[in-house]
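Engineer: Here it is: the structure, laid out below.
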Amino acid sequence: MLSVRNLSKTFSGPRSKIVLAGVGLDLRQGEYIAVMGESGSGKSTLLNLIAGLERPDSGSVALDGVDFTALDDDALTLLRRRNMGFVFQAFHVLPYLTVAQNVALPLMLTGVPDREMANRVEQMLDAVGLGGFADSMPRELSGGETQRVAIARALVHRPRLVLADEPTGNLDAESAAQVLELLRRRVKSEGAAAILVTHSQQAAATADRIYMLSGRGLKEMA
Amino acid sequence: MTAFSLRRRLLLAPLAEHKGRSLLSVMAIALGVALGYAVQLINQVAVNEFSQAVRTLSGQADLEIRGQRSGFDESLYAVVARMPEVAVASPVLELDVRIVDKRESLKLMAVDVFRAAQVQPELVLADAGEALDFLRPDRIFLSQPASEWLNAKAGDMIGVQVGLSEVRLRVAGIVSGESLRQRVGVVDIGAAQWRLDRLGQINRIDLRLRPGADIDAFAARLQLPPGVVVERPEANIERSASMSRAYRVNLNVLALVALFTGGLLVFSTQALAVVRRRSQLALLRVLGMTGRQILAGLLAEALLVGAVGALIGIALGHVSAELVIRHLGADLGAGQFLGLRPEVRADPLGLTLFALLGIATAAAGSLAPAFEAARASAAQALRAGDEQRMFEHLQPVLPGVLVLTAAAILTQAPPVRGLPLYGYAAIACFLIGTIMLMPRLAVVFLRGVPRLPFAPARLAVAQLARAPGQAMVSLAAIVASVSLMVSMVIMVTSFRISLSGWLEHLLPADLYMRTGLHNEAAFLSPENQESIRAVPGVRRAAFLRTQQLLLAAGRPRVLLMARAIDRNDPQATIPLVGPHIVPKSGDPPPAWVSEAVADLYGYRVGTTVELPIGGQRARFTIAGTWRDYARQQGSVVMEREVYVRLTGDRNVNDGALWLDPGASVASVKEAIQARLPGGLNLEIAEPGQIMETSLRVFDRTFAVTYGLEAVAVVIGLFGLSSSFGALVLARRREFGMLRHVGMTRRQIGGMLAVEGALVSALGLATGIALGWLISMVLIHVVNRQSFHWSMELHLPWSTLGGFAAVMLGLAVLTALASGRRAMGEEAVRAVKEDW
């Protein structure tokens, strides 16, 4: 489903840095993998390149055979809109929308009819345990609850691929465990593939396969 | 929940989240639109009323034959009336006359009632007491506004000043024409010629041609004496409107300054909103919103602000216009539309124009931030602490330099239909170019700031040096409003001092006499002049005769001033500008033209011109150009003895008296008024009184402009407050960290105060320097092309210094007040968001 070949990225500036060098990866439908690495190893950059938010210096990324390098910014955005979901360390929910409105954002962007949109939002909120919070504002929620909103938003439009960048980085241990379990369960039940970027061993342990990203590239760990 | 409701929420919620700032943007646009629309409405209504009044007086005429206001031989009427193309010819003697006990004049229309009924029927529609009242020599009909002004109804007596005497007329009735909304009196033409000492003279013939006659061909065939022209009635309207056009356009531009400043405030607010919402906008990009959709969303916010502001502004403008007309008059005190009582009516075109202008201003203010947000890298923007990146990037210098260069070029362009449009464009380019270069100026300025002794101050300098773009966003509105205020202060000060010097030059005598302003029937006869010379205490008397000259069709009349002047030393009498010559023996006699005449008619020193005086084309040598602030349409000075030789007219309008040493001004004044029949109708004043009155009128005229500029400064201050508040919000994690490491609230306050002082000092210094530059454009381009006035530059250092000190203090207080949040608990809690 996802094919990453020989990806390289260097950040220019007063101290230019090679962030990724010759990284390759294949991901099949339904797979849930974790990518670990030290700070500055390029984990987030890898995620951004896979999401089409940045362009590689060399190499390619293809989703279901569609090569990203052949697409302009608008085409990448449309591909991302339909096929990807995101969960961030900092949650990134819009503070001025209700919980339900935040979850509904991807459906609005993909043009899902109103009735279907309302139904799917309700179902997803129930699935993540926030059934009674539809009209709540994000500031009323705890960190764990907010991350559940983000997970619901990431999956409501049935994406092919979910990208999670340190989703438990801002959570306490108990909330983190709950969120990880929820994330894996929902990804599997929706039939999506997922890449979890983390520096936490516990978080990585929830994945089917674990990769280590370093200056020597991306290696699967036993 | 529907997709529509979600989209609506995405649009409205960011505005509602910061209601104060949104309201500020709305009010800034509203204020600008209100001022612009109010001025437009006042001008439009006044000009329409004036045009309507002129049209009413023209009636159904196809053509008007006009001459000097002093009149031409009435035998021309008989010739023209017999021409086969002419259906009806209506002779008119049109004069502005003074009514005894009133300072303002009444427009007197002396007509042949039988002819006028066929050409200007509105003038002769009246409820007359008796049928023959229109022919009686002691009767006058008044328009409704004139009747109310004079508090005179049918049967009452009013006195008209002729010479120095009073001619009593009985009000026979009120002219009932509904479109006659000017102060007008109508009398029989024969009676007027006799009683106003204008026997054999008329100054206008209104013609209605037969159906099918070729109007232009007929006009071209007419053989008219010198100084008499034929034109369509519209030309008179155009001439009348053109006299006030420059003043009206200047007022419009000043009002638009407030709107421009409002637009800059919207720019500041939107730019900082984009900074504050950087990660939110990045999230939407990540979720699948294209750059174009982000751009459209941000522009929609601005359009909404603009639309609401424009609606409020239109309503406010209409109310303001009504209030201003009621209390200040349609000319805002400038004396352009005397005798009019316009009523404010909504102007659909003006309303639409200013509403669209308000919306466009808001959109324009948001364009740059919206484009930046649409192009920003979503991946980078999602990282905490990225907010400041937007300000770190220094825009290239070239665009700002190019805009400034364009401004310099535009200052050399000529006027467009008498309006300094390129001058205004140059001012706009100077403003925009400077604002574009603000980040660079900030970097240069901050490099020059010495190392300050305490840590918060050093932090403040470091913060500003790292983010020069912040200076542009914070200061755009304040630089614009300060520079425009400073430019007006410099221009008005220069003008006032030049005016004062001009008056001193023109008023060297001890006493001045005038038979009345706008009083064409008043004069001092030769006998009156001798009586004045003979008054004890009078050492010397010099008299002046004025006439209105029509030099070209469609152009305003030029004032001819025949006075005692030494052709070898004209500078002793009138303030000359530029080179001047003394005509050689045998050359035509000299004439000195005002700057307006030189500009409008191209009369150059040394050339020979023909002027229509005394019914002939008399040749003159242009001996010099002089500065005349009193007559925007122009004036010509000539030697009085030449005038008398050409015309035989020995009457005068004004006089100047030099007194014997020790003579009492009051006694001489009393003696003159006692000796002359009708002496009390003579206005006598000392030069100090005349100067004081003139400067008071000047100050009143510019009071409105100061008011408009003050509004712009207030908007600028609000912009500074808003931007400081928004910047503090965007940096709340930084302040939280500083509180965590031990910086006290007072120290953070000190840091903000230093930032505020530095940024404001930069803004003020830039604003003052730019203001000086713009004042040069106002003095040498705008004023020169609008009003044909030159003036010397005078810099009011103490006023500017005081203004700068007050503004700096206000700006620092504003920064502190806006940064209150930075010192609170919320900043400390903000640190928990990730870095």
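Letters for chains follow the order of the structure tokens (A, B, ...), residue numbers begin at 1 for each chain, and ligand numbers begin at 1 in the order shown.
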With a distance cut-off of 6 Å and only C-alpha atoms, select the neighbouring residues of Phe620 in chain B, excluding the residue or stretch itself and same-chain residues fewer than 3 positions from it, and output the selection as a count of residues only.

Structural biologist: 5

Engineer: Residues of chain A within 7 Å of chain B: nearest atom pair and distance (Å, one decimal) for each, counting only C-alpha atoms, sorted by chain and number, as JSON lines?

Structural biologist:
{"residue": "A:Asn48", "atom": "CA", "partner": "B:Ala379", "partner_atom": "CA", "distance": 6.6}
{"residue": "A:Leu53", "atom": "CA", "partner": "B:Ala379", "partner_atom": "CA", "distance": 5.9}
{"residue": "A:Asp74", "atom": "CA", "partner": "B:Thr290", "partner_atom": "CA", "distance": 5.9}
{"residue": "A:Thr77", "atom": "CA", "partner": "B:Gly288", "partner_atom": "CA", "distance": 5.1}
{"residue": "A:Leu78", "atom": "CA", "partner": "B:Gly288", "partner_atom": "CA", "distance": 5.9}
{"residue": "A:Arg80", "atom": "CA", "partner": "B:Gly288", "partner_atom": "CA", "distance": 5.9}
{"residue": "A:Arg81", "atom": "CA", "partner": "B:Gly288", "partner_atom": "CA", "distance": 4.0}
{"residue": "A:Ala90", "atom": "CA", "partner": "B:Asp834", "partner_atom": "CA", "distance": 6.5}
{"residue": "A:His92", "atom": "CA", "partner": "B:Leu283", "partner_atom": "CA", "distance": 6.9}
{"residue": "A:Leu94", "atom": "CA", "partner": "B:Gln280", "partner_atom": "CA", "distance": 6.4}
{"residue": "A:Tyr96", "atom": "CA", "partner": "B:Ala13", "partner_atom": "CA", "distance": 6.0}
{"residue": "A:Gln101", "atom": "CA", "partner": "B:Leu6", "partner_atom": "CA", "distance": 6.7}
{"residue": "A:Pro106", "atom": "CA", "partner": "B:Leu287", "partner_atom": "CA", "distance": 6.4}
{"residue": "A:Met108", "atom": "CA", "partner": "B:Ala3", "partner_atom": "CA", "distance": 5.5}
{"residue": "A:Leu109", "atom": "CA", "partner": "B:Gly288", "partner_atom": "CA", "distance": 6.9}
{"residue": "A:Asp114", "atom": "CA", "partner": "B:Thr2", "partner_atom": "CA", "distance": 5.1}
{"residue": "A:Ala118", "atom": "CA", "partner": "B:Met1", "partner_atom": "CA", "distance": 6.6}

Engineer: Which residues are near range 185-190 of chain B? Cut-off 10 Å, only C-alpha atoms, ignore same chain within fewer than 2 positions. Put them as a ChimeraX atom specification.

Structural biologist: /B:91-97,106-113,123-124,133-144,146-147,169,171-175,182-183,192-196,198-202

Engineer: Mind pulling up the distance from CA of Gly516 in chain B to CA of Arg567 in chain B?

Structural biologist: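 Rounded to one decimal, the two atoms are 28.1 Å apart.
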
Engineer: Can you tell me, as a PyMOL selection string, which residues in range 20-77 of chain A count as helix (DSSP H, G or I) by DSSP?

Structural biologist: chain A and resi 43-50+68-70+73-77

Engineer: Store the residues picked out above, limited to N, CA, C and O atoms, as an mmCIF file, in the first residue's frame.

Structural biologist:
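Dumped to result_22.cif:
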data_model
loop_
_atom_site.group_PDB
_atom_site.id
_atom_site.type_symbol
_atom_site.label_atom_id
_atom_site.label_comp_id
_atom_site.auth_asym_id
_atom_site.auth_seq_id
_atom_site.Cartn_x
_atom_site.Cartn_y
_atom_site.Cartn_z
ATOM 1 N N LYS A 43 12.567 11.286 12.733
ATOM 2 C CA LYS A 43 11.291 10.558 12.776
ATOM 3 C C LYS A 43 10.155 11.431 12.242
ATOM 4 O O LYS A 43 9.373 11.008 11.386
ATOM 5 N N SER A 44 10.040 12.656 12.782
ATOM 6 C CA SER A 44 8.961 13.552 12.363
ATOM 7 C C SER A 44 9.128 13.927 10.899
ATOM 8 O O SER A 44 8.144 14.064 10.166
ATOM 9 N N THR A 45 10.390 14.086 10.475
ATOM 10 C CA THR A 45 10.632 14.444 9.072
ATOM 11 C C THR A 45 10.149 13.330 8.162
ATOM 12 O O THR A 45 9.530 13.578 7.117
ATOM 13 N N LEU A 46 10.432 12.069 8.566
ATOM 14 C CA LEU A 46 9.957 10.914 7.783
ATOM 15 C C LEU A 46 8.437 10.939 7.660
ATOM 16 O O LEU A 46 7.877 10.739 6.582
ATOM 17 N N LEU A 47 7.782 11.264 8.774
ATOM 18 C CA LEU A 47 6.318 11.315 8.778
ATOM 19 C C LEU A 47 5.823 12.429 7.858
ATOM 20 O O LEU A 47 4.861 12.262 7.101
ATOM 21 N N ASN A 48 6.480 13.581 7.913
ATOM 22 C CA ASN A 48 6.076 14.711 7.065
ATOM 23 C C ASN A 48 6.240 14.378 5.585
ATOM 24 O O ASN A 48 5.431 14.768 4.752
ATOM 25 N N LEU A 49 7.318 13.623 5.247
ATOM 26 C CA LEU A 49 7.538 13.255 3.851
ATOM 27 C C LEU A 49 6.481 12.254 3.396
ATOM 28 O O LEU A 49 5.974 12.359 2.274
ATOM 29 N N ILE A 50 6.142 11.340 4.278
ATOM 30 C CA ILE A 50 5.101 10.363 3.923
ATOM 31 C C ILE A 50 3.748 11.051 3.777
ATOM 32 O O ILE A 50 2.932 10.704 2.927
ATOM 33 N N PHE A 68 4.197 10.384 -5.197
ATOM 34 C CA PHE A 68 4.004 11.749 -4.701
ATOM 35 C C PHE A 68 4.809 12.762 -5.498
ATOM 36 O O PHE A 68 4.415 13.929 -5.600
ATOM 37 N N THR A 69 5.944 12.375 -6.020
ATOM 38 C CA THR A 69 6.802 13.364 -6.681
ATOM 39 C C THR A 69 6.141 13.909 -7.952
ATOM 40 O O THR A 69 6.502 14.969 -8.440
ATOM 41 N N ALA A 70 5.164 13.164 -8.468
ATOM 42 C CA ALA A 70 4.485 13.620 -9.687
ATOM 43 C C ALA A 70 3.329 14.571 -9.386
ATOM 44 O O ALA A 70 2.691 15.083 -10.300
ATOM 45 N N ASP A 73 1.151 20.630 -5.102
ATOM 46 C CA ASP A 73 0.737 20.798 -3.711
ATOM 47 C C ASP A 73 -0.757 20.526 -3.531
ATOM 48 O O ASP A 73 -1.178 19.867 -2.573
ATOM 49 N N ASP A 74 -1.570 21.022 -4.452
ATOM 50 C CA ASP A 74 -3.021 20.821 -4.330
ATOM 51 C C ASP A 74 -3.377 19.338 -4.444
ATOM 52 O O ASP A 74 -4.223 18.837 -3.699
ATOM 53 N N ALA A 75 -2.725 18.644 -5.375
ATOM 54 C CA ALA A 75 -3.021 17.219 -5.551
ATOM 55 C C ALA A 75 -2.611 16.426 -4.312
ATOM 56 O O ALA A 75 -3.319 15.501 -3.887
ATOM 57 N N LEU A 76 -1.470 16.789 -3.743
ATOM 58 C CA LEU A 76 -1.023 16.133 -2.505
ATOM 59 C C LEU A 76 -2.028 16.399 -1.387
ATOM 60 O O LEU A 76 -2.330 15.498 -0.588
ATOM 61 N N THR A 77 -2.515 17.615 -1.331
ATOM 62 C CA THR A 77 -3.475 17.959 -0.285
ATOM 63 C C THR A 77 -4.749 17.136 -0.428
ATOM 64 O O THR A 77 -5.277 16.606 0.558
#
